[in-house]
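What follows is the content of protein.cif, which has mmCIF, C-alpha atoms:
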```cif
data_protein
#
loop_
_atom_site.label_atom_id
_atom_site.label_comp_id
_atom_site.auth_asym_id
_atom_site.auth_seq_id
_atom_site.Cartn_x
_atom_site.Cartn_y
_atom_site.Cartn_z
CA MET A 392 50.52 -46.55 -46.28
CA ILE A 393 46.76 -46.11 -46.38
CA ARG A 394 44.78 -49.34 -46.06
CA LEU A 395 41.13 -50.06 -46.86
CA TYR A 396 39.33 -53.01 -45.30
CA HIS A 397 36.60 -53.89 -47.77
CA VAL A 398 34.59 -56.53 -49.61
CA PRO A 399 34.76 -56.33 -53.41
CA LEU A 400 31.07 -55.96 -54.28
CA SER A 401 30.02 -53.71 -51.37
CA PRO A 402 28.67 -50.46 -52.86
CA PHE A 403 29.85 -48.53 -49.79
CA CYS A 404 33.41 -49.83 -50.21
CA ARG A 405 33.27 -49.21 -53.96
CA LYS A 406 32.31 -45.58 -53.38
CA VAL A 407 35.38 -45.07 -51.18
CA ARG A 408 37.63 -46.96 -53.65
CA LEU A 409 36.44 -44.73 -56.50
CA VAL A 410 37.08 -41.55 -54.53
CA LEU A 411 40.54 -42.71 -53.47
CA ALA A 412 41.45 -43.65 -57.05
CA GLU A 413 40.02 -40.45 -58.57
CA LYS A 414 42.17 -38.44 -56.16
CA LYS A 415 45.17 -40.69 -56.96
CA ILE A 416 45.62 -41.73 -53.33
CA GLU A 417 47.47 -45.04 -53.16
CA VAL A 418 45.77 -47.60 -50.98
CA GLU A 419 46.33 -51.19 -49.95
CA LEU A 420 43.10 -53.20 -50.24
CA VAL A 421 42.48 -55.83 -47.57
CA GLU A 422 39.47 -58.07 -47.96
CA GLU A 423 37.57 -58.35 -44.68
CA ARG A 424 34.84 -60.93 -44.24
CA TYR A 425 33.18 -58.68 -41.67
CA TRP A 426 30.31 -61.10 -41.01
CA GLU A 427 32.81 -63.46 -39.37
CA GLN A 428 33.39 -60.75 -36.73
CA ASP A 429 37.11 -61.29 -36.31
CA PRO A 430 38.04 -59.74 -32.91
CA ASP A 431 40.90 -57.68 -34.43
CA PHE A 432 38.52 -56.21 -36.96
CA MET A 433 35.84 -55.50 -34.35
CA ARG A 434 38.44 -53.50 -32.43
CA ARG A 435 39.07 -51.39 -35.52
CA ASN A 436 35.35 -50.72 -36.03
CA PRO A 437 32.92 -51.53 -33.20
CA ALA A 438 30.05 -51.16 -35.71
CA GLY A 439 31.43 -54.32 -37.37
CA LYS A 440 31.02 -53.06 -40.93
CA VAL A 441 33.18 -52.29 -43.95
CA PRO A 442 34.60 -50.02 -45.27
CA VAL A 443 37.21 -49.14 -42.66
CA LEU A 444 39.97 -46.81 -43.83
CA ARG A 445 43.24 -47.02 -41.92
CA ILE A 446 45.06 -43.71 -42.29
CA ASP A 447 47.61 -41.99 -39.97
CA ASP A 448 46.87 -44.45 -37.14
CA MET A 449 43.16 -43.64 -37.35
CA ASN A 450 40.49 -46.17 -38.30
CA LEU A 451 37.73 -44.36 -40.19
CA ALA A 452 34.32 -45.99 -40.60
CA GLU A 453 31.09 -44.97 -42.42
CA SER A 454 31.50 -44.46 -46.13
CA THR A 455 30.00 -40.97 -46.54
CA PRO A 456 31.94 -39.41 -43.63
CA ILE A 457 35.07 -41.06 -45.09
CA CYS A 458 34.40 -39.52 -48.52
CA GLU A 459 33.77 -36.08 -46.99
CA TYR A 460 37.04 -36.44 -45.06
CA LEU A 461 38.98 -37.38 -48.20
CA GLU A 462 37.40 -34.45 -50.05
CA GLU A 463 38.45 -32.00 -47.31
CA ARG A 464 41.94 -33.39 -46.91
CA TYR A 465 42.72 -34.07 -50.58
CA PRO A 466 40.72 -31.36 -52.37
CA ASN A 467 42.24 -32.03 -55.84
CA PRO A 468 40.50 -32.97 -58.01
CA THR A 469 37.41 -31.67 -56.26
CA LEU A 470 34.31 -33.86 -56.13
CA MET A 471 32.06 -31.30 -54.44
CA PRO A 472 30.63 -28.02 -55.77
CA LYS A 473 31.62 -24.77 -54.05
CA ASP A 474 28.12 -23.41 -53.33
CA ALA A 475 25.95 -24.59 -50.42
CA GLU A 476 23.01 -25.48 -52.71
CA GLY A 477 25.22 -27.62 -54.95
CA ARG A 478 26.78 -29.35 -51.97
CA TYR A 479 23.34 -30.03 -50.53
CA GLU A 480 22.28 -31.69 -53.79
CA VAL A 481 25.36 -33.95 -53.79
CA ARG A 482 24.67 -34.99 -50.20
CA ARG A 483 20.98 -35.56 -50.88
CA LEU A 484 21.78 -37.86 -53.79
CA MET A 485 24.42 -39.77 -51.82
CA ALA A 486 21.76 -40.36 -49.16
CA TRP A 487 19.23 -41.30 -51.87
CA PHE A 488 21.49 -44.06 -53.22
CA ASP A 489 22.96 -45.25 -49.92
CA ASP A 490 19.62 -45.32 -48.08
CA LYS A 491 16.68 -45.59 -50.46
CA PHE A 492 18.31 -47.29 -53.47
CA HIS A 493 20.27 -49.56 -51.13
CA HIS A 494 17.17 -50.57 -49.21
CA GLU A 495 14.89 -51.00 -52.23
CA VAL A 496 17.32 -52.40 -54.81
CA THR A 497 20.86 -53.37 -53.74
CA SER A 498 19.83 -55.26 -50.60
CA LYS A 499 17.04 -57.02 -52.53
CA LEU A 500 19.14 -58.13 -55.52
CA LEU A 501 22.87 -58.23 -54.78
CA TYR A 502 22.54 -59.30 -51.16
CA GLU A 503 20.02 -62.01 -52.02
CA ARG A 504 22.05 -63.38 -54.92
CA VAL A 505 25.60 -63.03 -53.60
CA ASN A 506 25.85 -62.16 -49.91
CA ARG A 507 23.53 -64.95 -48.78
CA LYS A 508 25.78 -67.52 -50.41
CA LEU A 509 29.01 -65.95 -49.13
CA MET A 510 27.58 -65.65 -45.61
CA LYS A 511 25.95 -69.09 -45.82
CA SER A 512 22.56 -67.67 -44.79
CA GLY A 513 20.33 -69.69 -47.10
CA TYR A 514 18.83 -69.31 -50.57
CA PRO A 515 17.69 -66.07 -52.21
CA VAL A 516 14.16 -65.08 -51.18
CA ALA A 517 12.21 -64.87 -54.45
CA ALA A 518 9.87 -62.10 -53.22
CA ASN A 519 12.86 -59.88 -52.43
CA VAL A 520 14.46 -60.45 -55.83
CA LYS A 521 11.13 -59.67 -57.51
CA SER A 522 10.69 -56.48 -55.50
CA GLY A 523 14.26 -55.36 -56.26
CA SER A 524 13.87 -56.04 -59.99
CA LYS A 525 10.75 -53.89 -59.99
CA ALA A 526 12.24 -51.06 -57.92
CA ILE A 527 15.40 -50.67 -60.01
CA LYS A 528 13.24 -49.58 -62.98
CA TYR A 529 11.82 -46.67 -61.02
CA HIS A 530 15.31 -45.64 -59.90
CA LEU A 531 16.71 -45.80 -63.45
CA ASP A 532 13.79 -43.63 -64.54
CA TYR A 533 14.65 -41.13 -61.81
CA MET A 534 18.30 -41.08 -62.93
CA ALA A 535 17.19 -40.49 -66.53
CA TRP A 536 14.97 -37.62 -65.36
CA LEU A 537 18.00 -36.03 -63.64
CA LEU A 538 20.37 -36.70 -66.54
CA ASP A 539 17.96 -35.16 -69.03
CA ARG A 540 18.50 -31.92 -67.13
CA ARG A 541 22.15 -32.16 -66.07
CA ARG A 542 25.46 -33.46 -67.43
CA TRP A 543 26.14 -35.37 -64.21
CA LEU A 544 23.72 -36.53 -61.52
CA ALA A 545 24.03 -33.54 -59.19
CA GLY A 546 24.82 -30.83 -61.76
CA ASP A 547 27.29 -29.97 -64.48
CA ALA A 548 30.36 -31.46 -62.83
CA MET A 549 31.14 -34.99 -61.68
CA THR A 550 30.78 -35.30 -57.89
CA LEU A 551 30.61 -37.75 -55.02
CA ALA A 552 26.96 -38.32 -56.01
CA ASP A 553 28.03 -39.93 -59.30
CA PHE A 554 30.43 -42.22 -57.46
CA ALA A 555 27.77 -43.19 -54.94
CA ALA A 556 25.39 -44.12 -57.77
CA ALA A 557 28.08 -45.84 -59.85
CA ALA A 558 29.16 -47.87 -56.82
CA HIS A 559 25.68 -49.40 -56.52
CA LEU A 560 25.10 -49.82 -60.25
CA SER A 561 28.51 -51.38 -60.91
CA ALA A 562 27.92 -53.97 -58.18
CA LEU A 563 24.48 -54.73 -59.64
CA ASP A 564 26.00 -54.91 -63.11
CA TYR A 565 28.28 -57.66 -61.79
CA THR A 566 25.13 -59.76 -61.24
CA SER A 567 23.56 -58.59 -64.57
CA ASP A 568 20.77 -56.79 -62.74
CA VAL A 569 20.91 -53.52 -64.68
CA ASP A 570 18.96 -53.09 -67.93
CA TRP A 571 21.21 -50.58 -69.72
CA ASN A 572 18.79 -50.39 -72.62
CA ARG A 573 16.06 -48.78 -70.53
CA HIS A 574 17.47 -45.23 -70.89
CA GLU A 575 20.19 -44.21 -73.31
CA VAL A 576 21.09 -41.22 -71.14
CA VAL A 577 21.78 -43.48 -68.14
CA LYS A 578 23.86 -45.83 -70.26
CA ASP A 579 25.86 -42.86 -71.61
CA TRP A 580 26.46 -41.62 -68.06
CA TYR A 581 27.66 -45.05 -66.95
CA ALA A 582 29.90 -45.41 -70.03
CA LYS A 583 31.51 -42.06 -69.16
CA ILE A 584 32.20 -42.93 -65.55
CA LYS A 585 33.13 -46.55 -66.28
CA SER A 586 35.88 -45.43 -68.67
CA ARG A 587 37.67 -43.37 -66.01
CA PRO A 588 40.99 -44.77 -64.76
CA ALA A 589 39.50 -44.72 -61.23
CA PHE A 590 37.10 -47.48 -62.30
CA ARG A 591 39.77 -49.99 -63.35
CA SER A 592 40.23 -51.65 -59.97
CA LEU A 593 36.46 -52.31 -59.73
CA LEU A 594 36.33 -53.82 -63.20
CA ALA A 595 39.11 -56.24 -62.26
CA ASP A 596 37.18 -57.60 -59.25
CA HIS A 597 36.44 -61.29 -59.37
CA VAL A 598 34.43 -62.97 -56.63
CA PRO A 599 35.19 -66.72 -56.38
CA SER A 600 32.27 -68.86 -57.59
CA PHE A 601 30.52 -65.75 -58.98
CA PRO A 602 32.19 -65.00 -62.31
CA PRO A 603 31.10 -61.62 -63.73
CA PRO A 604 29.24 -61.53 -67.06
CA GLU A 605 31.32 -60.68 -70.13
CA HIS A 606 29.96 -57.15 -70.50
CA TYR A 607 30.92 -56.26 -66.90
CA ALA A 608 34.47 -55.08 -67.65
CA ASP A 609 33.75 -54.11 -71.26
CA LEU A 610 33.88 -50.35 -71.82
CA ASP A 611 31.75 -50.83 -74.93
CA PHE A 612 28.89 -52.71 -73.25
CA MET B 476 9.35 -17.67 -44.24
CA ILE B 477 11.11 -20.99 -43.76
CA ARG B 478 8.78 -23.96 -43.24
CA LEU B 479 9.52 -27.42 -41.88
CA TYR B 480 7.24 -30.37 -42.66
CA HIS B 481 7.70 -32.73 -39.75
CA VAL B 482 6.22 -35.15 -37.24
CA PRO B 483 6.81 -34.23 -33.59
CA LEU B 484 8.58 -37.38 -32.35
CA SER B 485 10.65 -38.12 -35.45
CA PRO B 486 14.34 -38.02 -34.40
CA PHE B 487 15.32 -36.83 -37.90
CA CYS B 488 12.90 -33.89 -37.70
CA ARG B 489 13.99 -33.13 -34.14
CA LYS B 490 17.62 -32.94 -35.22
CA VAL B 491 16.72 -30.31 -37.85
CA ARG B 492 14.48 -28.41 -35.40
CA LEU B 493 17.32 -28.27 -32.86
CA VAL B 494 19.80 -26.97 -35.43
CA LEU B 495 17.35 -24.33 -36.68
CA ALA B 496 16.61 -23.17 -33.13
CA GLU B 497 20.26 -23.15 -32.04
CA LYS B 498 21.05 -20.93 -35.03
CA LYS B 499 18.02 -18.75 -34.20
CA ILE B 500 16.44 -19.35 -37.62
CA GLU B 501 12.70 -18.76 -37.42
CA VAL B 502 10.64 -21.58 -38.88
CA GLU B 503 7.00 -22.43 -39.31
CA LEU B 504 6.34 -26.04 -38.27
CA VAL B 505 3.78 -27.97 -40.32
CA GLU B 506 2.84 -31.45 -39.16
CA GLU B 507 2.86 -33.89 -42.08
CA ARG B 508 1.40 -37.36 -41.71
CA TYR B 509 3.77 -38.61 -44.41
CA TRP B 510 2.48 -42.20 -44.26
CA GLU B 511 -0.82 -40.97 -45.76
CA GLN B 512 1.16 -39.99 -48.88
CA ASP B 513 -0.73 -36.80 -49.67
CA PRO B 514 -0.04 -36.03 -53.37
CA ASP B 515 1.02 -32.43 -52.60
CA PHE B 516 3.54 -33.70 -50.09
CA MET B 517 4.84 -36.40 -52.44
CA ARG B 518 5.54 -33.67 -54.99
CA ARG B 519 7.64 -31.84 -52.43
CA ASN B 520 9.64 -34.95 -51.60
CA PRO B 521 9.42 -37.99 -53.90
CA ALA B 522 11.11 -40.06 -51.18
CA GLY B 523 7.89 -39.55 -49.16
CA LYS B 524 9.64 -38.87 -45.87
CA VAL B 525 9.93 -36.07 -43.34
CA PRO B 526 11.69 -33.74 -42.63
CA VAL B 527 11.25 -31.50 -45.66
CA LEU B 528 12.57 -27.97 -45.27
CA ARG B 529 10.97 -25.35 -47.51
CA ILE B 530 13.43 -22.50 -47.98
CA ASP B 531 13.85 -19.99 -50.87
CA ASP B 532 11.48 -22.01 -53.09
CA MET B 533 13.57 -25.14 -52.58
CA ASN B 534 12.30 -28.29 -50.86
CA LEU B 535 15.19 -29.88 -49.00
CA ALA B 536 14.95 -33.50 -47.88
CA GLU B 537 17.27 -35.82 -45.88
CA SER B 538 18.06 -34.61 -42.40
CA THR B 539 21.87 -34.76 -42.44
CA PRO B 540 22.26 -32.97 -45.80
CA ILE B 541 19.78 -30.35 -44.47
CA CYS B 542 21.88 -29.86 -41.32
CA GLU B 543 25.10 -29.56 -43.36
CA TYR B 544 23.37 -27.01 -45.59
CA LEU B 545 22.19 -24.96 -42.60
CA GLU B 546 25.69 -25.12 -41.11
CA GLU B 547 27.25 -23.82 -44.36
CA ARG B 548 24.67 -21.12 -44.95
CA TYR B 549 24.22 -19.97 -41.33
CA PRO B 550 27.65 -20.60 -39.81
CA ASN B 551 26.93 -18.80 -36.51
CA PRO B 552 26.95 -20.32 -33.99
CA THR B 553 29.04 -23.06 -35.55
CA LEU B 554 28.10 -26.69 -34.89
CA MET B 555 31.07 -28.22 -36.72
CA PRO B 556 34.79 -28.22 -35.83
CA LYS B 557 37.23 -26.53 -38.20
CA ASP B 558 39.64 -29.45 -38.73
CA ALA B 559 38.96 -32.36 -41.08
CA GLU B 560 39.47 -34.97 -38.33
CA GLY B 561 36.99 -33.24 -36.02
CA ARG B 562 34.45 -32.89 -38.82
CA TYR B 563 34.87 -36.57 -39.67
CA GLU B 564 34.12 -37.52 -36.07
CA VAL B 565 30.93 -35.42 -36.05
CA ARG B 566 29.76 -37.05 -39.28
CA ARG B 567 30.65 -40.54 -38.05
CA LEU B 568 28.58 -40.03 -34.89
CA MET B 569 25.63 -38.59 -36.81
CA ALA B 570 25.71 -41.72 -38.97
CA TRP B 571 26.07 -43.88 -35.84
CA PHE B 572 22.87 -42.48 -34.30
CA ASP B 573 20.84 -42.11 -37.49
CA ASP B 574 21.74 -45.56 -38.86
CA LYS B 575 22.84 -47.93 -36.12
CA PHE B 576 21.05 -46.46 -33.10
CA HIS B 577 17.96 -45.81 -35.23
CA HIS B 578 17.90 -49.38 -36.52
CA GLU B 579 18.68 -51.07 -33.21
CA VAL B 580 16.86 -48.82 -30.75
CA THR B 581 14.55 -46.08 -32.06
CA SER B 582 12.77 -48.22 -34.65
CA LYS B 583 12.39 -51.03 -32.11
CA LEU B 584 10.98 -48.92 -29.26
CA LEU B 585 9.47 -45.63 -30.43
CA TYR B 586 8.14 -46.96 -33.73
CA GLU B 587 6.64 -50.03 -32.09
CA ARG B 588 5.02 -48.10 -29.27
CA VAL B 589 3.90 -44.92 -31.06
CA ASN B 590 4.16 -45.07 -34.86
CA ARG B 591 2.28 -48.36 -35.18
CA LYS B 592 -0.70 -46.83 -33.40
CA LEU B 593 -0.56 -43.54 -35.34
CA MET B 594 -0.21 -45.40 -38.65
CA LYS B 595 -2.78 -48.03 -37.62
CA SER B 596 -0.37 -50.85 -38.45
CA GLY B 597 -1.16 -53.19 -35.56
CA TYR B 598 0.13 -53.83 -32.05
CA PRO B 599 3.75 -53.51 -30.89
CA VAL B 600 5.80 -56.65 -31.62
CA ALA B 601 7.08 -57.78 -28.22
CA ALA B 602 10.31 -59.26 -29.62
CA ASN B 603 11.23 -55.90 -31.17
CA VAL B 604 10.55 -53.97 -27.94
CA LYS B 605 12.66 -56.49 -26.03
CA SER B 606 15.52 -56.20 -28.50
CA GLY B 607 15.37 -52.38 -28.42
CA SER B 608 15.36 -52.30 -24.60
CA LYS B 609 18.45 -54.48 -24.59
CA ALA B 610 20.28 -52.53 -27.31
CA ILE B 611 19.77 -49.10 -25.73
CA LYS B 612 21.91 -50.20 -22.76
CA TYR B 613 24.88 -50.89 -25.01
CA HIS B 614 24.43 -47.53 -26.73
CA LEU B 615 24.22 -45.65 -23.41
CA ASP B 616 27.42 -47.44 -22.37
CA TYR B 617 29.10 -46.29 -25.58
CA MET B 618 27.98 -42.70 -24.96
CA ALA B 619 29.36 -42.88 -21.41
CA TRP B 620 32.67 -44.17 -22.80
CA LEU B 621 32.85 -41.17 -25.14
CA LEU B 622 31.74 -38.67 -22.48
CA ASP B 623 34.32 -39.94 -20.01
CA ARG B 624 36.91 -38.70 -22.51
CA ARG B 625 35.25 -35.58 -23.96
CA ARG B 626 33.02 -32.72 -22.82
CA TRP B 627 30.61 -33.30 -25.70
CA LEU B 628 30.07 -36.41 -27.83
CA ALA B 629 32.46 -35.53 -30.67
CA GLY B 630 34.98 -33.44 -28.74
CA ASP B 631 35.26 -30.38 -26.54
CA ALA B 632 32.56 -28.33 -28.30
CA MET B 633 28.87 -28.98 -28.87
CA THR B 634 28.25 -30.11 -32.48
CA LEU B 635 25.68 -31.61 -34.82
CA ALA B 636 26.57 -34.99 -33.29
CA ASP B 637 25.13 -33.94 -29.93
CA PHE B 638 21.92 -32.81 -31.62
CA ALA B 639 21.65 -36.07 -33.58
CA ALA B 640 21.98 -38.07 -30.35
CA ALA B 641 19.70 -35.76 -28.34
CA ALA B 642 17.06 -35.99 -31.07
CA HIS B 643 16.84 -39.77 -30.66
CA LEU B 644 17.12 -39.79 -26.87
CA SER B 645 14.54 -37.04 -26.37
CA ALA B 646 12.02 -38.94 -28.51
CA LEU B 647 12.72 -42.10 -26.51
CA ASP B 648 12.45 -40.14 -23.27
CA TYR B 649 8.92 -39.20 -24.35
CA THR B 650 8.04 -42.91 -24.12
CA SER B 651 10.08 -43.35 -20.90
CA ASP B 652 12.53 -45.67 -22.65
CA VAL B 653 15.75 -44.11 -21.35
CA ASP B 654 17.25 -45.18 -18.02
CA TRP B 655 18.99 -41.95 -17.01
CA ASN B 656 20.38 -43.60 -13.89
CA ARG B 657 22.59 -45.95 -15.87
CA HIS B 658 25.41 -43.41 -16.36
CA GLU B 659 25.70 -40.10 -14.51
CA VAL B 660 27.87 -38.69 -17.27
CA VAL B 661 25.17 -39.32 -19.89
CA LYS B 662 22.50 -37.80 -17.65
CA ASP B 663 24.70 -34.72 -17.13
CA TRP B 664 25.21 -34.40 -20.88
CA TYR B 665 21.46 -34.63 -21.50
CA ALA B 666 20.70 -32.12 -18.72
CA LYS B 667 23.13 -29.67 -20.34
CA ILE B 668 21.63 -29.96 -23.81
CA LYS B 669 18.03 -30.17 -22.57
CA SER B 670 18.39 -26.83 -20.77
CA ARG B 671 19.33 -24.96 -23.95
CA PRO B 672 16.70 -22.57 -25.35
CA ALA B 673 16.84 -24.57 -28.62
CA PHE B 674 15.27 -27.52 -26.78
CA ARG B 675 12.13 -25.70 -25.63
CA SER B 676 10.01 -26.44 -28.69
CA LEU B 677 10.71 -30.19 -28.35
CA LEU B 678 9.79 -30.20 -24.67
CA ALA B 679 6.43 -28.58 -25.51
CA ASP B 680 5.50 -31.38 -27.96
CA HIS B 681 2.37 -33.25 -27.10
CA VAL B 682 1.18 -36.18 -29.22
CA PRO B 683 -2.58 -36.76 -28.88
CA SER B 684 -3.39 -39.97 -26.96
CA PHE B 685 0.29 -40.30 -25.95
CA PRO B 686 0.80 -37.90 -23.02
CA PRO B 687 4.49 -37.54 -22.10
CA PRO B 688 5.65 -38.64 -18.64
CA GLU B 689 6.08 -35.86 -16.05
CA HIS B 690 9.88 -35.89 -16.14
CA TYR B 691 9.92 -35.35 -19.94
CA ALA B 692 9.85 -31.53 -19.86
CA ASP B 693 11.44 -31.23 -16.41
CA LEU B 694 14.95 -29.77 -16.56
CA ASP B 695 15.67 -31.34 -13.19
CA PHE B 696 14.71 -34.91 -14.14
#
```

Entire entry expressed as structure tokens:
Amino acid sequence: MIRLYHVPLSPFCRKVRLVLAEKKIEVELVEERYWEQDPDFMRRNPAGKVPVLRIDDMNLAESTPICEYLEERYPNPTLMPKDAEGRYEVRRLMAWFDDKFHHEVTSKLLYERVNRKLMKSGYPVAANVKSGSKAIKYHLDYMAWLLDRRRWLAGDAMTLADFAAAAHLSALDYTSDVDWNRHEVVKDWYAKIKSRPAFRSLLADHVPSFPPPEHYADLDF
Amino acid sequence: MIRLYHVPLSPFCRKVRLVLAEKKIEVELVEERYWEQDPDFMRRNPAGKVPVLRIDDMNLAESTPICEYLEERYPNPTLMPKDAEGRYEVRRLMAWFDDKFHHEVTSKLLYERVNRKLMKSGYPVAANVKSGSKAIKYHLDYMAWLLDRRRWLAGDAMTLADFAAAAHLSALDYTSDVDWNRHEVVKDWYAKIKSRPAFRSLLADHVPSFPPPEHYADLDF
């Protein structure tokens, strides 16, 4: 049995969960409060982070290398284009969301609102929340610019890039931090990806003492 | 002609330069002081970072996606294993150096000592330098642990992972921040990779007002 050590709202874990589900790979989810640095967990991943995917006696860490591994080993359905230029664009956008978007938006909103409380590391820093709320507008504009030109974020087919983006946005939607009315084309994209069977497990997430807003699991939001 | 916008001591640019040189792809190097946010440069890469690789009228950003693209388009000599597990390990180690090592070591030592002065953003913060000097020991120990078991960092062949690591260590060697006497096996690995023709351009780098130490370009250091 494949096992994923994760936390429910982590965008990096969500990306891996979406890829596993899209490829219909059964997985046992194990919640891992990685900030408590349990010695057993630290042995599985010396970097002390989630996700960690336990598969065939290997412990795989780092979400993008995990997704590339799953894509190579379980190529159906494919989530990568065949041509080098298309593959580059998918990888660039994964890096865009996991580095730049994560730094400017996710870490400033989700981590301030939720992770601080879970990790007992104090109250949200207002300046961070303000900066994240401002930055997400620019990123939604960039997504709209892409989606005006393409059916999916990296081109005409759904790829790992869409799951990387949806992983961040779905976690931020849990805290009501996404203004879906800003761009119809972004809302349409999210409605499409949210209605996939692969998304169901994410929409059922419920973090104790942080109930999701009503629209979170609603396919007609 | 292929063109690379770069700064000489950036580990991300060095990784791309090493891959280009190892694959014998001719490139014109253009130094880009990205922190000055020149409008022409920002058009080439809205993320405002280096490296940017100009190739066939495309502007490619993000060092790891660039390296994967070069590997797919110029597969000889190959810098990736053939099997999914081996490829995963290369990608995991690239992420290890470009995320964890970068955050804990490179940004704390190189950026404090050099980038702050170049960018005129004040004096080095002593607490950061101290933390970086401590963290590099742990990372050298981890490299020694790997190299006790393998000829190269990710296995028995030289891969992108070795270039990712060498890119960081060579930049830190420029500021004399690497204790090569800590582990013979790490020094041997660096001597092997440093003596490759692909390394020559890096060893000829010279940042104005930061002369490199004598051992920096010496193959017998």

Notebook entry, point to check: Which residues come within 12 Å of region 674-677 of chain B, counting only C-alpha atoms, excluding same-chain residues fewer than 6 positions away, as number ranges by chain?
Noted result: B: 482-486, 488-497, 499, 501-504, 638, 641-646, 648-649, 665-668, 687, 691-694

Please produce a file of those selected residues containing C-alpha atoms, as an mmCIF file, in the coordinates of the input.
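Contents of again.cif, as written:
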```cif
data_model
loop_
_atom_site.group_PDB
_atom_site.id
_atom_site.type_symbol
_atom_site.label_atom_id
_atom_site.label_comp_id
_atom_site.auth_asym_id
_atom_site.auth_seq_id
_atom_site.Cartn_x
_atom_site.Cartn_y
_atom_site.Cartn_z
ATOM 1 C CA VAL B 482 6.220 -35.150 -37.240
ATOM 2 C CA PRO B 483 6.810 -34.230 -33.590
ATOM 3 C CA LEU B 484 8.580 -37.380 -32.350
ATOM 4 C CA SER B 485 10.650 -38.120 -35.450
ATOM 5 C CA PRO B 486 14.340 -38.020 -34.400
ATOM 6 C CA CYS B 488 12.900 -33.890 -37.700
ATOM 7 C CA ARG B 489 13.990 -33.130 -34.140
ATOM 8 C CA LYS B 490 17.620 -32.940 -35.220
ATOM 9 C CA VAL B 491 16.720 -30.310 -37.850
ATOM 10 C CA ARG B 492 14.480 -28.410 -35.400
ATOM 11 C CA LEU B 493 17.320 -28.270 -32.860
ATOM 12 C CA VAL B 494 19.800 -26.970 -35.430
ATOM 13 C CA LEU B 495 17.350 -24.330 -36.680
ATOM 14 C CA ALA B 496 16.610 -23.170 -33.130
ATOM 15 C CA GLU B 497 20.260 -23.150 -32.040
ATOM 16 C CA LYS B 499 18.020 -18.750 -34.200
ATOM 17 C CA GLU B 501 12.700 -18.760 -37.420
ATOM 18 C CA VAL B 502 10.640 -21.580 -38.880
ATOM 19 C CA GLU B 503 7.000 -22.430 -39.310
ATOM 20 C CA LEU B 504 6.340 -26.040 -38.270
ATOM 21 C CA PHE B 638 21.920 -32.810 -31.620
ATOM 22 C CA ALA B 641 19.700 -35.760 -28.340
ATOM 23 C CA ALA B 642 17.060 -35.990 -31.070
ATOM 24 C CA HIS B 643 16.840 -39.770 -30.660
ATOM 25 C CA LEU B 644 17.120 -39.790 -26.870
ATOM 26 C CA SER B 645 14.540 -37.040 -26.370
ATOM 27 C CA ALA B 646 12.020 -38.940 -28.510
ATOM 28 C CA ASP B 648 12.450 -40.140 -23.270
ATOM 29 C CA TYR B 649 8.920 -39.200 -24.350
ATOM 30 C CA TYR B 665 21.460 -34.630 -21.500
ATOM 31 C CA ALA B 666 20.700 -32.120 -18.720
ATOM 32 C CA LYS B 667 23.130 -29.670 -20.340
ATOM 33 C CA ILE B 668 21.630 -29.960 -23.810
ATOM 34 C CA PRO B 687 4.490 -37.540 -22.100
ATOM 35 C CA TYR B 691 9.920 -35.350 -19.940
ATOM 36 C CA ALA B 692 9.850 -31.530 -19.860
ATOM 37 C CA ASP B 693 11.440 -31.230 -16.410
ATOM 38 C CA LEU B 694 14.950 -29.770 -16.560
#
```

query: Suppose you want the space between CA of His574 (chain A) and CA of Gly523 (chain A); what is it in Å?
result: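 Spanning CA of His574 (chain A) to CA of Gly523 (chain A) is a straight-line distance of 18.1 Å.
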
Define the interface residues of chain A facing chain B as those within 8 Å, counting only C-alpha atoms, and report them as a JSON list (two decimals) with C-alpha atoms, in the frame of the given file.
```json
[["chain", "number", "residue", "atom", "x", "y", "z"],
["A", 438, "ALA", "CA", 30.05, -51.16, -35.71],
["A", 452, "ALA", "CA", 34.32, -45.99, -40.60],
["A", 453, "GLU", "CA", 31.09, -44.97, -42.42],
["A", 456, "PRO", "CA", 31.94, -39.41, -43.63],
["A", 457, "ILE", "CA", 35.07, -41.06, -45.09],
["A", 459, "GLU", "CA", 33.77, -36.08, -46.99],
["A", 460, "TYR", "CA", 37.04, -36.44, -45.06],
["A", 463, "GLU", "CA", 38.45, -32.00, -47.31],
["A", 464, "ARG", "CA", 41.94, -33.39, -46.91],
["A", 475, "ALA", "CA", 25.95, -24.59, -50.42],
["A", 476, "GLU", "CA", 23.01, -25.48, -52.71],
["A", 478, "ARG", "CA", 26.78, -29.35, -51.97],
["A", 479, "TYR", "CA", 23.34, -30.03, -50.53],
["A", 482, "ARG", "CA", 24.67, -34.99, -50.20],
["A", 483, "ARG", "CA", 20.98, -35.56, -50.88],
["A", 486, "ALA", "CA", 21.76, -40.36, -49.16],
["A", 491, "LYS", "CA", 16.68, -45.59, -50.46]]
```

As a check of understanding: the span from CA of Gln512 (chain B) to CA of Ala602 (chain B) is 28.7 Å

Exercise. What do you get, as JSON, numbers by chain, if you spell out every residue that the PyMOL selection byres ((chain A and resi 529-537) around 9) selects here?
Worked result: {"A": [492, 496, 525, 526, 527, 528, 538, 539, 540, 541, 542, 543, 544, 545, 546, 569, 570, 573, 574, 575, 576, 577]}

Which of A:Thr469, A:Asp596, A:Phe403, A:Tyr396 sits closest to Met433 (chain A) [using all atoms listed in the file] |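 When distances to Met433 (chain A) are compared using all atoms listed in the file, the smallest one comes from A:Tyr396.
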
Q) Expressed in Å to a single decimal, how great is the separation between CA of Pro599 (chain B) and CA of Val527 (chain B)? A)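 Rounded to one decimal, the two atoms are 27.5 Å apart.
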